[in-house]
$ cat start38.pdb   # PDB, C-alpha atoms and all ligand atoms
ATOM      1  CA  MET A   1      12.359  -8.410 -14.903  1.00  0.00           C
ATOM      2  CA  ARG A   2      14.990  -5.728 -14.604  1.00  0.00           C
ATOM      3  CA  ARG A   3      17.834  -5.992 -12.178  1.00  0.00           C
ATOM      4  CA  SER A   4      20.616  -3.600 -11.617  1.00  0.00           C
ATOM      5  CA  ILE A   5      23.345  -3.577  -9.092  1.00  0.00           C
ATOM      6  CA  THR A   6      25.400  -0.464  -8.947  1.00  0.00           C
ATOM      7  CA  THR A   7      27.844   0.039  -6.137  1.00  0.00           C
ATOM      8  CA  ILE A   8      28.011  -1.298  -2.648  1.00  0.00           C
ATOM      9  CA  ALA A   9      27.976   1.192   0.180  1.00  0.00           C
ATOM     10  CA  ALA A  10      28.985   0.752   3.739  1.00  0.00           C
ATOM     11  CA  THR A  11      25.727   0.987   5.597  1.00  0.00           C
ATOM     12  CA  ILE A  12      22.237  -0.170   4.943  1.00  0.00           C
ATOM     13  CA  LEU A  13      20.606   3.240   4.839  1.00  0.00           C
ATOM     14  CA  ALA A  14      23.282   4.627   2.582  1.00  0.00           C
ATOM     15  CA  ALA A  15      23.366   1.590   0.355  1.00  0.00           C
ATOM     16  CA  SER A  16      23.119   2.213  -3.318  1.00  0.00           C
ATOM     17  CA  ALA A  17      23.167  -1.443  -4.243  1.00  0.00           C
ATOM     18  CA  VAL A  18      19.618  -1.889  -5.330  1.00  0.00           C
ATOM     19  CA  VAL A  19      17.997  -4.981  -6.668  1.00  0.00           C
ATOM     20  CA  VAL A  20      14.998  -3.961  -8.664  1.00  0.00           C
ATOM     21  CA  THR A  21      12.268  -6.534  -8.812  1.00  0.00           C
ATOM     22  CA  ALA A  22       9.414  -5.899 -11.146  1.00  0.00           C
ATOM     23  CA  GLN A  23       5.897  -6.553  -9.990  1.00  0.00           C
ATOM     24  CA  GLY A  24       4.893 -10.163 -10.263  1.00  0.00           C
ATOM     25  CA  THR A  25       8.332 -11.585  -9.796  1.00  0.00           C
ATOM     26  CA  THR A  26       9.979 -12.589  -6.617  1.00  0.00           C
ATOM     27  CA  SER A  27      13.155 -11.279  -5.145  1.00  0.00           C
ATOM     28  CA  ALA A  28      13.499 -14.311  -2.910  1.00  0.00           C
ATOM     29  CA  THR A  29      15.951 -15.962  -5.239  1.00  0.00           C
ATOM     30  CA  ILE A  30      18.250 -12.985  -5.287  1.00  0.00           C
ATOM     31  CA  ALA A  31      21.069 -13.320  -2.843  1.00  0.00           C
ATOM     32  CA  ALA A  32      21.603 -10.134  -0.954  1.00  0.00           C
ATOM     33  CA  THR A  33      23.996  -9.132   1.728  1.00  0.00           C
ATOM     34  CA  ASP A  34      23.239  -6.901   4.653  1.00  0.00           C
ATOM     35  CA  ASN A  35      24.276  -3.826   2.777  1.00  0.00           C
ATOM     36  CA  GLN A  36      21.956  -4.347  -0.113  1.00  0.00           C
ATOM     37  CA  VAL A  37      18.496  -2.895  -0.241  1.00  0.00           C
ATOM     38  CA  ARG A  38      15.758  -4.523  -2.242  1.00  0.00           C
ATOM     39  CA  VAL A  39      12.674  -2.972  -3.673  1.00  0.00           C
ATOM     40  CA  GLU A  40       9.359  -4.324  -4.756  1.00  0.00           C
ATOM     41  CA  ALA A  41       6.421  -2.572  -6.319  1.00  0.00           C
ATOM     42  CA  GLU A  42       2.747  -3.247  -5.823  1.00  0.00           C
ATOM     43  CA  ALA A  43      -0.190  -1.618  -7.533  1.00  0.00           C
ATOM     44  CA  ILE A  44      -3.835  -1.513  -6.673  1.00  0.00           C
ATOM     45  CA  THR A  45      -5.855  -1.459  -9.828  1.00  0.00           C
ATOM     46  CA  PHE A  46      -9.164  -0.023 -10.834  1.00  0.00           C
ATOM     47  CA  ASN A  47     -12.052  -2.388 -11.180  1.00  0.00           C
ATOM     48  CA  GLY A  48     -14.944  -0.766 -12.917  1.00  0.00           C
ATOM     49  CA  ASP A  49     -16.743  -3.826 -13.993  1.00  0.00           C
ATOM     50  CA  ALA A  50     -20.210  -4.324 -12.655  1.00  0.00           C
ATOM     51  CA  SER A  51     -19.877  -8.071 -12.129  1.00  0.00           C
ATOM     52  CA  ALA A  52     -16.855  -7.568  -9.927  1.00  0.00           C
ATOM     53  CA  ALA A  53     -18.707  -4.940  -7.924  1.00  0.00           C
ATOM     54  CA  THR A  54     -21.533  -7.411  -7.396  1.00  0.00           C
ATOM     55  CA  THR A  55     -19.112 -10.071  -6.247  1.00  0.00           C
ATOM     56  CA  SER A  56     -17.614  -7.666  -3.782  1.00  0.00           C
ATOM     57  CA  THR A  57     -20.989  -6.856  -2.268  1.00  0.00           C
ATOM     58  CA  ALA A  58     -22.092 -10.480  -2.050  1.00  0.00           C
ATOM     59  CA  ALA A  59     -18.847 -11.543  -0.431  1.00  0.00           C
ATOM     60  CA  ALA A  60     -19.040  -8.935   2.336  1.00  0.00           C
ATOM     61  CA  ASP A  61     -20.425 -11.694   4.564  1.00  0.00           C
ATOM     62  CA  THR A  62     -17.028 -13.376   4.607  1.00  0.00           C
ATOM     63  CA  ALA A  63     -15.180 -10.343   6.011  1.00  0.00           C
ATOM     64  CA  CYS A  64     -14.804 -11.936   9.436  1.00  0.00           C
ATOM     65  CA  THR A  65     -14.734 -15.608   8.491  1.00  0.00           C
ATOM     66  CA  ASP A  66     -12.218 -15.580   5.644  1.00  0.00           C
ATOM     67  CA  THR A  67      -8.796 -15.673   7.291  1.00  0.00           C
ATOM     68  CA  THR A  68      -6.855 -15.999   4.042  1.00  0.00           C
ATOM     69  CA  TYR A  69      -3.777 -13.865   3.659  1.00  0.00           C
ATOM     70  CA  ALA A  70      -0.485 -13.767   1.776  1.00  0.00           C
ATOM     71  CA  THR A  71       2.770 -12.200   2.866  1.00  0.00           C
ATOM     72  CA  LYS A  72       5.760 -10.544   1.270  1.00  0.00           C
ATOM     73  CA  SER A  73       9.277 -10.996   2.566  1.00  0.00           C
ATOM     74  CA  TRP A  74       9.466  -7.798   4.613  1.00  0.00           C
ATOM     75  CA  LYS A  75       8.010  -6.208   7.725  1.00  0.00           C
ATOM     76  CA  VAL A  76       7.876  -2.868   9.464  1.00  0.00           C
ATOM     77  CA  SER A  77       9.857  -3.100  12.655  1.00  0.00           C
ATOM     78  CA  GLY A  78       8.878  -0.599  15.345  1.00  0.00           C
ATOM     79  CA  THR A  79       8.303   2.827  13.829  1.00  0.00           C
ATOM     80  CA  LEU A  80       8.167   3.799  10.175  1.00  0.00           C
ATOM     81  CA  THR A  81       8.060   7.555   9.656  1.00  0.00           C
ATOM     82  CA  TRP A  82       6.270   8.750   6.534  1.00  0.00           C
ATOM     83  CA  LEU A  83       6.103  12.155   4.889  1.00  0.00           C
ATOM     84  CA  TYR A  84       3.408  13.750   2.745  1.00  0.00           C
ATOM     85  CA  ASN A  85       3.810  15.700  -0.465  1.00  0.00           C
ATOM     86  CA  GLY A  86       0.491  17.411  -1.211  1.00  0.00           C
ATOM     87  CA  THR A  87       1.556  18.696  -4.618  1.00  0.00           C
ATOM     88  CA  GLY A  88      -1.090  17.644  -7.105  1.00  0.00           C
ATOM     89  CA  VAL A  89      -3.715  16.646  -4.545  1.00  0.00           C
ATOM     90  CA  PRO A  90      -7.138  16.806  -6.219  1.00  0.00           C
ATOM     91  CA  ALA A  91      -8.946  20.026  -5.264  1.00  0.00           C
ATOM     92  CA  ASN A  92     -12.071  18.280  -3.972  1.00  0.00           C
ATOM     93  CA  ILE A  93     -10.109  16.498  -1.236  1.00  0.00           C
ATOM     94  CA  SER A  94      -7.257  18.937  -0.680  1.00  0.00           C
ATOM     95  CA  GLY A  95      -8.471  19.703   2.841  1.00  0.00           C
ATOM     96  CA  THR A  96      -9.134  16.122   3.919  1.00  0.00           C
ATOM     97  CA  ALA A  97      -6.657  13.893   2.094  1.00  0.00           C
ATOM     98  CA  LEU A  98      -3.864  14.071   4.647  1.00  0.00           C
ATOM     99  CA  ASP A  99      -6.106  13.213   7.596  1.00  0.00           C
ATOM    100  CA  THR A 100      -7.521  10.313   5.601  1.00  0.00           C
ATOM    101  CA  ILE A 101      -4.029   8.996   4.845  1.00  0.00           C
ATOM    102  CA  LYS A 102      -3.170   9.300   8.548  1.00  0.00           C
ATOM    103  CA  THR A 103      -6.298   7.335   9.440  1.00  0.00           C
ATOM    104  CA  ALA A 104      -5.440   4.573   6.983  1.00  0.00           C
ATOM    105  CA  SER A 105      -1.864   4.452   8.271  1.00  0.00           C
ATOM    106  CA  ASN A 106      -3.091   4.092  11.846  1.00  0.00           C
ATOM    107  CA  THR A 107      -5.544   1.383  10.815  1.00  0.00           C
ATOM    108  CA  VAL A 108      -2.637  -0.730   9.631  1.00  0.00           C
ATOM    109  CA  ALA A 109      -0.322   0.222  12.490  1.00  0.00           C
ATOM    110  CA  THR A 110      -2.813  -0.856  15.155  1.00  0.00           C
ATOM    111  CA  GLY A 111      -4.843  -3.508  13.326  1.00  0.00           C
ATOM    112  CA  ALA A 112      -8.189  -1.672  13.356  1.00  0.00           C
ATOM    113  CA  ASN A 113     -10.716  -4.077  11.935  1.00  0.00           C
ATOM    114  CA  ARG A 114     -14.366  -4.816  11.157  1.00  0.00           C
ATOM    115  CA  CYS A 115     -14.513  -7.943  13.265  1.00  0.00           C
ATOM    116  CA  GLY A 116     -14.182  -6.816  16.878  1.00  0.00           C
ATOM    117  CA  MET A 117     -10.652  -8.086  17.291  1.00  0.00           C
ATOM    118  CA  PRO A 118      -8.274  -6.033  19.430  1.00  0.00           C
ATOM    119  CA  ALA A 119      -6.519  -3.195  17.595  1.00  0.00           C
ATOM    120  CA  ASN A 120      -3.417  -3.621  19.716  1.00  0.00           C
ATOM    121  CA  PHE A 121      -0.566  -4.071  17.271  1.00  0.00           C
ATOM    122  CA  THR A 122       2.458  -2.112  18.295  1.00  0.00           C
ATOM    123  CA  THR A 123       3.855  -0.911  14.985  1.00  0.00           C
ATOM    124  CA  VAL A 124       3.819   2.855  14.512  1.00  0.00           C
ATOM    125  CA  TYR A 125       3.396   4.676  11.220  1.00  0.00           C
ATOM    126  CA  ALA A 126       4.458   8.101  12.365  1.00  0.00           C
ATOM    127  CA  TYR A 127       3.491  11.104  10.284  1.00  0.00           C
ATOM    128  CA  GLY A 128       6.669  13.142   9.914  1.00  0.00           C
ATOM    129  CA  GLY A 129       5.260  16.240   8.216  1.00  0.00           C
ATOM    130  CA  THR A 130       5.115  17.558   4.705  1.00  0.00           C
ATOM    131  CA  THR A 131       7.936  17.356   2.216  1.00  0.00           C
ATOM    132  CA  THR A 132       8.858  18.529  -1.235  1.00  0.00           C
ATOM    133  CA  LEU A 133      10.509  15.177  -1.916  1.00  0.00           C
ATOM    134  CA  LYS A 134       8.623  13.106  -4.442  1.00  0.00           C
ATOM    135  CA  PRO A 135       7.552   9.518  -4.025  1.00  0.00           C
ATOM    136  CA  GLN A 136      10.130   7.507  -5.913  1.00  0.00           C
ATOM    137  CA  VAL A 137       7.608   5.930  -8.236  1.00  0.00           C
ATOM    138  CA  ASP A 138       7.447   7.071 -11.844  1.00  0.00           C
ATOM    139  CA  ALA A 139       4.563   7.360 -14.315  1.00  0.00           C
ATOM    140  CA  ASN A 140       5.304   3.881 -15.650  1.00  0.00           C
ATOM    141  CA  GLY A 141       5.006   2.389 -12.199  1.00  0.00           C
ATOM    142  CA  ALA A 142       8.738   1.858 -11.860  1.00  0.00           C
ATOM    143  CA  CYS A 143      10.589   2.307  -8.595  1.00  0.00           C
ATOM    144  CA  THR A 144      13.211   4.962  -9.102  1.00  0.00           C
ATOM    145  CA  GLY A 145      15.526   4.510  -6.152  1.00  0.00           C
ATOM    146  CA  ASN A 146      15.774   4.519  -2.420  1.00  0.00           C
ATOM    147  CA  ASP A 147      16.438   7.831  -0.707  1.00  0.00           C
ATOM    148  CA  GLY A 148      15.679   6.412   2.730  1.00  0.00           C
ATOM    149  CA  LYS A 149      12.523   8.532   3.020  1.00  0.00           C
ATOM    150  CA  SER A 150       8.977   7.185   2.905  1.00  0.00           C
ATOM    151  CA  VAL A 151       6.917   9.656   0.912  1.00  0.00           C
ATOM    152  CA  THR A 152       3.239   9.516  -0.010  1.00  0.00           C
ATOM    153  CA  GLY A 153       2.131  11.815  -2.800  1.00  0.00           C
ATOM    154  CA  TRP A 154       0.276  12.346  -6.045  1.00  0.00           C
ATOM    155  CA  GLY A 155       1.026  11.861  -9.734  1.00  0.00           C
ATOM    156  CA  THR A 156       0.380  10.001 -12.939  1.00  0.00           C
ATOM    157  CA  LEU A 157       0.368   6.214 -13.001  1.00  0.00           C
ATOM    158  CA  PRO A 158      -0.131   3.572 -15.712  1.00  0.00           C
ATOM    159  CA  ALA A 159      -3.654   2.842 -16.950  1.00  0.00           C
ATOM    160  CA  LYS A 160      -6.021   1.244 -14.437  1.00  0.00           C
ATOM    161  CA  THR A 161      -3.660   1.877 -11.552  1.00  0.00           C
ATOM    162  CA  LEU A 162      -5.109   3.746  -8.582  1.00  0.00           C
ATOM    163  CA  ALA A 163      -1.998   3.803  -6.448  1.00  0.00           C
ATOM    164  CA  TYR A 164       1.447   2.244  -6.411  1.00  0.00           C
ATOM    165  CA  THR A 165       3.822   1.476  -3.591  1.00  0.00           C
ATOM    166  CA  CYS A 166       7.544   0.756  -3.841  1.00  0.00           C
ATOM    167  CA  THR A 167       8.957  -0.776  -0.686  1.00  0.00           C
ATOM    168  CA  TYR A 168      12.654  -0.920   0.099  1.00  0.00           C
ATOM    169  CA  TYR A 169      13.815  -3.451   2.627  1.00  0.00           C
ATOM    170  CA  ASN A 170      17.107  -4.805   3.809  1.00  0.00           C
ATOM    171  CA  ALA A 171      18.393  -8.357   3.818  1.00  0.00           C
ATOM    172  CA  LYS A 172      16.933  -8.859   7.269  1.00  0.00           C
ATOM    173  CA  GLY A 173      13.508  -8.165   5.776  1.00  0.00           C
ATOM    174  CA  VAL A 174      13.031  -4.856   7.556  1.00  0.00           C
ATOM    175  CA  VAL A 175      11.500  -1.973   5.619  1.00  0.00           C
ATOM    176  CA  VAL A 176      13.860   0.980   5.268  1.00  0.00           C
ATOM    177  CA  ALA A 177      11.524   3.114   3.149  1.00  0.00           C
ATOM    178  CA  SER A 178       8.213   2.802   1.345  1.00  0.00           C
ATOM    179  CA  ASP A 179       6.908   5.280  -1.216  1.00  0.00           C
ATOM    180  CA  THR A 180       3.302   5.504  -2.361  1.00  0.00           C
ATOM    181  CA  LEU A 181       2.121   7.376  -5.442  1.00  0.00           C
ATOM    182  CA  ILE A 182      -1.614   7.991  -5.815  1.00  0.00           C
ATOM    183  CA  ASP A 183      -3.124   8.655  -9.238  1.00  0.00           C
ATOM    184  CA  ASN A 184      -4.320  12.225  -9.749  1.00  0.00           C
ATOM    185  CA  THR A 185      -5.044  11.974 -13.432  1.00  0.00           C
ATOM    186  CA  ALA A 186      -7.467   9.217 -14.368  1.00  0.00           C
ATOM    187  CA  TYR A 187      -9.699   8.804 -11.331  1.00  0.00           C
ATOM    188  CA  THR A 188     -11.835  10.851  -9.003  1.00  0.00           C
ATOM    189  CA  TRP A 189     -11.225  10.439  -5.286  1.00  0.00           C
ATOM    190  CA  PHE A 190     -13.469  11.021  -2.320  1.00  0.00           C
ATOM    191  CA  THR A 191     -12.819  10.986   1.400  1.00  0.00           C
ATOM    192  CA  SER A 192     -16.551  11.053   2.242  1.00  0.00           C
ATOM    193  CA  LYS A 193     -18.692   8.993  -0.074  1.00  0.00           C
ATOM    194  CA  PRO A 194     -20.933  11.237  -2.232  1.00  0.00           C
ATOM    195  CA  ALA A 195     -24.661  10.732  -1.755  1.00  0.00           C
ATOM    196  CA  ASN A 196     -25.166   9.516  -5.298  1.00  0.00           C
ATOM    197  CA  CYS A 197     -21.822   7.947  -6.046  1.00  0.00           C
ATOM    198  CA  THR A 198     -21.456   6.829  -9.651  1.00  0.00           C
ATOM    199  CA  GLY A 199     -18.664   6.406 -12.171  1.00  0.00           C
ATOM    200  CA  ALA A 200     -14.972   6.049 -11.515  1.00  0.00           C
ATOM    201  CA  GLN A 201     -14.919   7.551  -8.019  1.00  0.00           C
ATOM    202  CA  TYR A 202     -12.762   5.803  -5.451  1.00  0.00           C
ATOM    203  CA  ASP A 203     -12.386   5.896  -1.710  1.00  0.00           C
ATOM    204  CA  LEU A 204      -9.008   7.264  -0.672  1.00  0.00           C
ATOM    205  CA  GLN A 205      -9.090   5.639   2.765  1.00  0.00           C
ATOM    206  CA  THR A 206      -9.663   2.126   1.409  1.00  0.00           C
ATOM    207  CA  THR A 207      -6.911   2.592  -1.142  1.00  0.00           C
ATOM    208  CA  LEU A 208      -4.383   3.852   1.387  1.00  0.00           C
ATOM    209  CA  THR A 209      -5.223   1.092   3.848  1.00  0.00           C
ATOM    210  CA  HIS A 210      -4.417  -1.334   1.025  1.00  0.00           C
ATOM    211  CA  GLU A 211      -1.149   0.413   0.176  1.00  0.00           C
ATOM    212  CA  ARG A 212      -0.045   0.582   3.813  1.00  0.00           C
ATOM    213  CA  LEU A 213      -0.756  -3.136   4.135  1.00  0.00           C
ATOM    214  CA  HIS A 214       1.727  -3.649   1.300  1.00  0.00           C
ATOM    215  CA  THR A 215       4.230  -1.558   3.213  1.00  0.00           C
ATOM    216  CA  ALA A 216       3.500  -3.718   6.268  1.00  0.00           C
ATOM    217  CA  GLY A 217       4.332  -6.870   4.314  1.00  0.00           C
ATOM    218  CA  LEU A 218       1.060  -8.224   2.968  1.00  0.00           C
ATOM    219  CA  ALA A 219       0.576  -9.471  -0.591  1.00  0.00           C
ATOM    220  CA  HIS A 220      -2.621  -9.841  -2.591  1.00  0.00           C
ATOM    221  CA  VAL A 221      -5.313 -12.425  -1.987  1.00  0.00           C
ATOM    222  CA  ASP A 222      -7.820 -13.761  -4.484  1.00  0.00           C
ATOM    223  CA  GLN A 223     -10.070 -11.104  -6.023  1.00  0.00           C
ATOM    224  CA  THR A 224     -13.158 -13.338  -5.956  1.00  0.00           C
ATOM    225  CA  LYS A 225     -12.681 -15.825  -3.124  1.00  0.00           C
ATOM    226  CA  ASP A 226     -11.375 -13.224  -0.669  1.00  0.00           C
ATOM    227  CA  ALA A 227     -13.403 -10.282  -1.968  1.00  0.00           C
ATOM    228  CA  ALA A 228     -14.179  -8.815   1.459  1.00  0.00           C
ATOM    229  CA  GLN A 229     -10.525  -8.464   2.433  1.00  0.00           C
ATOM    230  CA  VAL A 230      -8.594  -5.245   1.846  1.00  0.00           C
ATOM    231  CA  MET A 231      -5.848  -7.093   0.000  1.00  0.00           C
ATOM    232  CA  THR A 232      -7.732  -7.996  -3.165  1.00  0.00           C
ATOM    233  CA  PRO A 233      -5.761  -6.788  -6.190  1.00  0.00           C
ATOM    234  CA  ALA A 234      -8.505  -4.450  -7.387  1.00  0.00           C
ATOM    235  CA  SER A 235     -11.066  -2.089  -5.915  1.00  0.00           C
ATOM    236  CA  SER A 236     -14.567  -1.242  -7.040  1.00  0.00           C
ATOM    237  CA  PRO A 237     -15.782   2.340  -7.436  1.00  0.00           C
ATOM    238  CA  CYS A 238     -17.818   3.885  -4.609  1.00  0.00           C
ATOM    239  CA  ASP A 239     -16.983   0.999  -2.254  1.00  0.00           C
ATOM    240  CA  ILE A 240     -16.277   2.008   1.351  1.00  0.00           C
ATOM    241  CA  SER A 241     -16.856  -1.410   2.921  1.00  0.00           C
ATOM    242  CA  ARG A 242     -13.145  -2.197   3.288  1.00  0.00           C
ATOM    243  CA  ARG A 243     -11.748   0.826   5.084  1.00  0.00           C
ATOM    244  CA  LEU A 244     -10.885  -1.362   8.071  1.00  0.00           C
ATOM    245  CA  LEU A 245      -9.225  -4.760   8.045  1.00  0.00           C
ATOM    246  CA  GLY A 246     -11.049  -8.010   7.440  1.00  0.00           C
ATOM    247  CA  ALA A 247     -10.167 -11.205   9.275  1.00  0.00           C
ATOM    248  CA  GLY A 248      -7.624 -12.267   6.665  1.00  0.00           C
ATOM    249  CA  ASP A 249      -5.872  -8.896   6.613  1.00  0.00           C
ATOM    250  CA  TYR A 250      -5.752  -8.963  10.402  1.00  0.00           C
ATOM    251  CA  ALA A 251      -4.433 -12.525  10.550  1.00  0.00           C
ATOM    252  CA  GLY A 252      -1.746 -11.609   8.051  1.00  0.00           C
ATOM    253  CA  LEU A 253      -0.578  -8.599  10.028  1.00  0.00           C
ATOM    254  CA  LYS A 254      -0.603 -10.638  13.213  1.00  0.00           C
ATOM    255  CA  SER A 255       1.570 -13.307  11.595  1.00  0.00           C
ATOM    256  CA  ILE A 256       4.046 -10.639  10.499  1.00  0.00           C
ATOM    257  CA  ASN A 257       4.085  -8.683  13.729  1.00  0.00           C
ATOM    258  CA  GLY A 258       4.136 -11.692  15.994  1.00  0.00           C
TER     259      GLY A 258
HETATM  260 ZN    ZN A 301      -2.017  -4.104  -4.053  1.00  0.00          ZN
END
$ encode --input "start38.pdb" --output "structure tokens"
Amino acid sequence: MRRSITTIAATILAASAVVVTAQGTTSATIAATDNQVRVEAEAITFNGDASAATTSTAAADTACTDTTYATKSWKVSGTLTWLYNGTGVPANISGTALDTIKTASNTVATGANRCGMPANFTTVYAYGGTTTLKPQVDANGACTGNDGKSVTGWGTLPAKTLAYTCTYYNAKGVVVASDTLIDNTAYTWFTSKPANCTGAQYDLQTTLTHERLHTAGLAHVDQTKDAAQVMTPASSPCDISRRLLGAGDYAGLKSING
């Protein structure tokens, strides 16, 4: 775990006092004042193994009966505005990626699900346009600082990592910014599943729904027991069964949003 505290600024948004919490550790034990901003990183990993893919398919039956969820210590309050940096978007999805990311963002904002439950959550993930700012996530999967902007974009990530989100939140547990970097090096993405999907091809919508659920305050559930939920730690290639929320994802969001 790496922690660094630099200086303390006067307001939350301008704060440069950052507690960096590496993935897998908790920041709950770190005392923070109102003018500190915390960050936590979450990756979704690649899962190319055939047995895991089989498990995922078999467990699809539990999508609406498994209400398991886990939460982080933050939430989106009201509206979170996000920006898009299309630099490095893979050519095969350059015309569709942004709309797909918007769809995934709205899925999480409203609670759109596979189980017929009302999609009536009142959070808003507002698309704020394109930007040349980069997501503040580096190629090692480290969070590189809070600029107060939530940027989704493309770049290189550590091995087996499809996407990575760094979320900055204040001592009241409210998200101030959340950056998502999507791999554009190791994996092939699709926004419409190819007719004969094979190999390491992944669904962008599923992945972004997962990342936005991290931004919203959800943590991972069990890869095997909760395999039909969006919040499993890993995804299987060519799987589009989890574009919308399962019962556990929905219950988690509802618990956060009240
Ligand atoms: Zn994740």
$ atom_distance --input "start38.pdb" --atom1 "CA of Ala119 in chain A" --atom2 "CA of Thr107 in chain A"
8.2 Å
$ atom_distance --input "start38.pdb" --atom1 "CA of Lys172 in chain A" --atom2 "CA of Lys72 in chain A"
12.8 Å
$ atom_distance --input "start38.pdb" --atom1 "CA of Val108 in chain A" --atom2 "CA of Lys193 in chain A"
21.1 Å
$ resolve_selection --input "start38.pdb" --expression "the PyMOL selection byres (((not hetatm)) within 12 of (chain A and resi 301))" --output "PDB file with C-alpha atoms, in the coordinates of the input"
ATOM      1  CA  GLN A  23       5.897  -6.553  -9.990  1.00  0.00           C
ATOM      2  CA  GLY A  24       4.893 -10.163 -10.263  1.00  0.00           C
ATOM      3  CA  GLU A  40       9.359  -4.324  -4.756  1.00  0.00           C
ATOM      4  CA  ALA A  41       6.421  -2.572  -6.319  1.00  0.00           C
ATOM      5  CA  GLU A  42       2.747  -3.247  -5.823  1.00  0.00           C
ATOM      6  CA  ALA A  43      -0.190  -1.618  -7.533  1.00  0.00           C
ATOM      7  CA  ILE A  44      -3.835  -1.513  -6.673  1.00  0.00           C
ATOM      8  CA  THR A  45      -5.855  -1.459  -9.828  1.00  0.00           C
ATOM      9  CA  PHE A  46      -9.164  -0.023 -10.834  1.00  0.00           C
ATOM     10  CA  ALA A  70      -0.485 -13.767   1.776  1.00  0.00           C
ATOM     11  CA  THR A  71       2.770 -12.200   2.866  1.00  0.00           C
ATOM     12  CA  LYS A  72       5.760 -10.544   1.270  1.00  0.00           C
ATOM     13  CA  THR A 161      -3.660   1.877 -11.552  1.00  0.00           C
ATOM     14  CA  LEU A 162      -5.109   3.746  -8.582  1.00  0.00           C
ATOM     15  CA  ALA A 163      -1.998   3.803  -6.448  1.00  0.00           C
ATOM     16  CA  TYR A 164       1.447   2.244  -6.411  1.00  0.00           C
ATOM     17  CA  THR A 165       3.822   1.476  -3.591  1.00  0.00           C
ATOM     18  CA  CYS A 166       7.544   0.756  -3.841  1.00  0.00           C
ATOM     19  CA  THR A 167       8.957  -0.776  -0.686  1.00  0.00           C
ATOM     20  CA  THR A 180       3.302   5.504  -2.361  1.00  0.00           C
ATOM     21  CA  THR A 206      -9.663   2.126   1.409  1.00  0.00           C
ATOM     22  CA  THR A 207      -6.911   2.592  -1.142  1.00  0.00           C
ATOM     23  CA  LEU A 208      -4.383   3.852   1.387  1.00  0.00           C
ATOM     24  CA  THR A 209      -5.223   1.092   3.848  1.00  0.00           C
ATOM     25  CA  HIS A 210      -4.417  -1.334   1.025  1.00  0.00           C
ATOM     26  CA  GLU A 211      -1.149   0.413   0.176  1.00  0.00           C
ATOM     27  CA  ARG A 212      -0.045   0.582   3.813  1.00  0.00           C
ATOM     28  CA  LEU A 213      -0.756  -3.136   4.135  1.00  0.00           C
ATOM     29  CA  HIS A 214       1.727  -3.649   1.300  1.00  0.00           C
ATOM     30  CA  THR A 215       4.230  -1.558   3.213  1.00  0.00           C
ATOM     31  CA  ALA A 216       3.500  -3.718   6.268  1.00  0.00           C
ATOM     32  CA  GLY A 217       4.332  -6.870   4.314  1.00  0.00           C
ATOM     33  CA  LEU A 218       1.060  -8.224   2.968  1.00  0.00           C
ATOM     34  CA  ALA A 219       0.576  -9.471  -0.591  1.00  0.00           C
ATOM     35  CA  HIS A 220      -2.621  -9.841  -2.591  1.00  0.00           C
ATOM     36  CA  VAL A 221      -5.313 -12.425  -1.987  1.00  0.00           C
ATOM     37  CA  ASP A 222      -7.820 -13.761  -4.484  1.00  0.00           C
ATOM     38  CA  GLN A 223     -10.070 -11.104  -6.023  1.00  0.00           C
ATOM     39  CA  GLN A 229     -10.525  -8.464   2.433  1.00  0.00           C
ATOM     40  CA  VAL A 230      -8.594  -5.245   1.846  1.00  0.00           C
ATOM     41  CA  MET A 231      -5.848  -7.093   0.000  1.00  0.00           C
ATOM     42  CA  THR A 232      -7.732  -7.996  -3.165  1.00  0.00           C
ATOM     43  CA  PRO A 233      -5.761  -6.788  -6.190  1.00  0.00           C
ATOM     44  CA  ALA A 234      -8.505  -4.450  -7.387  1.00  0.00           C
ATOM     45  CA  SER A 235     -11.066  -2.089  -5.915  1.00  0.00           C
TER      46      SER A 235
END
$ residues_around --input "start38.pdb" --residues "Val124 in chain A" --least-positions-apart "2" --cutoff "9 Å" --atoms "only C-alpha atoms" --output "list in words"
Val76, Ser77, Gly78, Thr79, Leu80, Thr81, Ser105, Asn106, Val108, Ala109, Thr110, Phe121, Thr122 and Ala126 of chain A
$ residues_near_point --input "start38.pdb" --point "(5.1, 15.7, 11.9)" --cutoff "10 Å" --atoms "all atoms listed in the file" --output "VMD selection string"
chain A and resid 81 to 84 126 to 130
$ write_last_selection --input "start38.pdb" --atoms "C-alpha atoms" --output "short mmCIF file (atom, residue, chain, number, x, y, z; two decimals), in the frame of the given file"
data_model
loop_
_atom_site.label_atom_id
_atom_site.label_comp_id
_atom_site.auth_asym_id
_atom_site.auth_seq_id
_atom_site.Cartn_x
_atom_site.Cartn_y
_atom_site.Cartn_z
CA THR A 81 8.06 7.56 9.66
CA TRP A 82 6.27 8.75 6.53
CA LEU A 83 6.10 12.16 4.89
CA TYR A 84 3.41 13.75 2.74
CA ALA A 126 4.46 8.10 12.36
CA TYR A 127 3.49 11.10 10.28
CA GLY A 128 6.67 13.14 9.91
CA GLY A 129 5.26 16.24 8.22
CA THR A 130 5.12 17.56 4.70
#
$ resolve_selection --input "start38.pdb" --expression "the PyMOL selection byres (((chain A and resi 200-205) around 8) and not hetatm)" --output "list in words"
Gly48, Ala97, Thr100, Ile101, Thr103, Ala104, Tyr187, Thr188, Trp189, Phe190, Thr191, Ser192, Lys193, Cys197, Thr198, Gly199, Thr206, Thr207, Leu208, Thr209, Ser236, Pro237, Cys238, Asp239, Ile240 and Arg243 of chain A
$ residues_around --input "start38.pdb" --residues "range 137-147 of chain A" --least-positions-apart "6" --cutoff "6 Å" --atoms "only C-alpha atoms" --output "NGL selection string"
:A and (156-158 or 166)
$ resolve_selection --input "start38.pdb" --expression "the PyMOL selection byres (((chain A and resi 182) around 6) and not hetatm)" --output "ChimeraX atom specification"
/A:154,163,181,183
$ residues_around --input "start38.pdb" --residues "Asn113 in chain A" --least-positions-apart "2" --cutoff "10 Å" --atoms "only C-alpha atoms" --output "list in words"
Ala63, Cys64, Thr107, Val108, Thr110, Gly111, Cys115, Gly116, Met117, Pro118, Ala119, Arg242, Arg243, Leu244, Leu245, Gly246, Ala247, Asp249 and Tyr250 of chain A
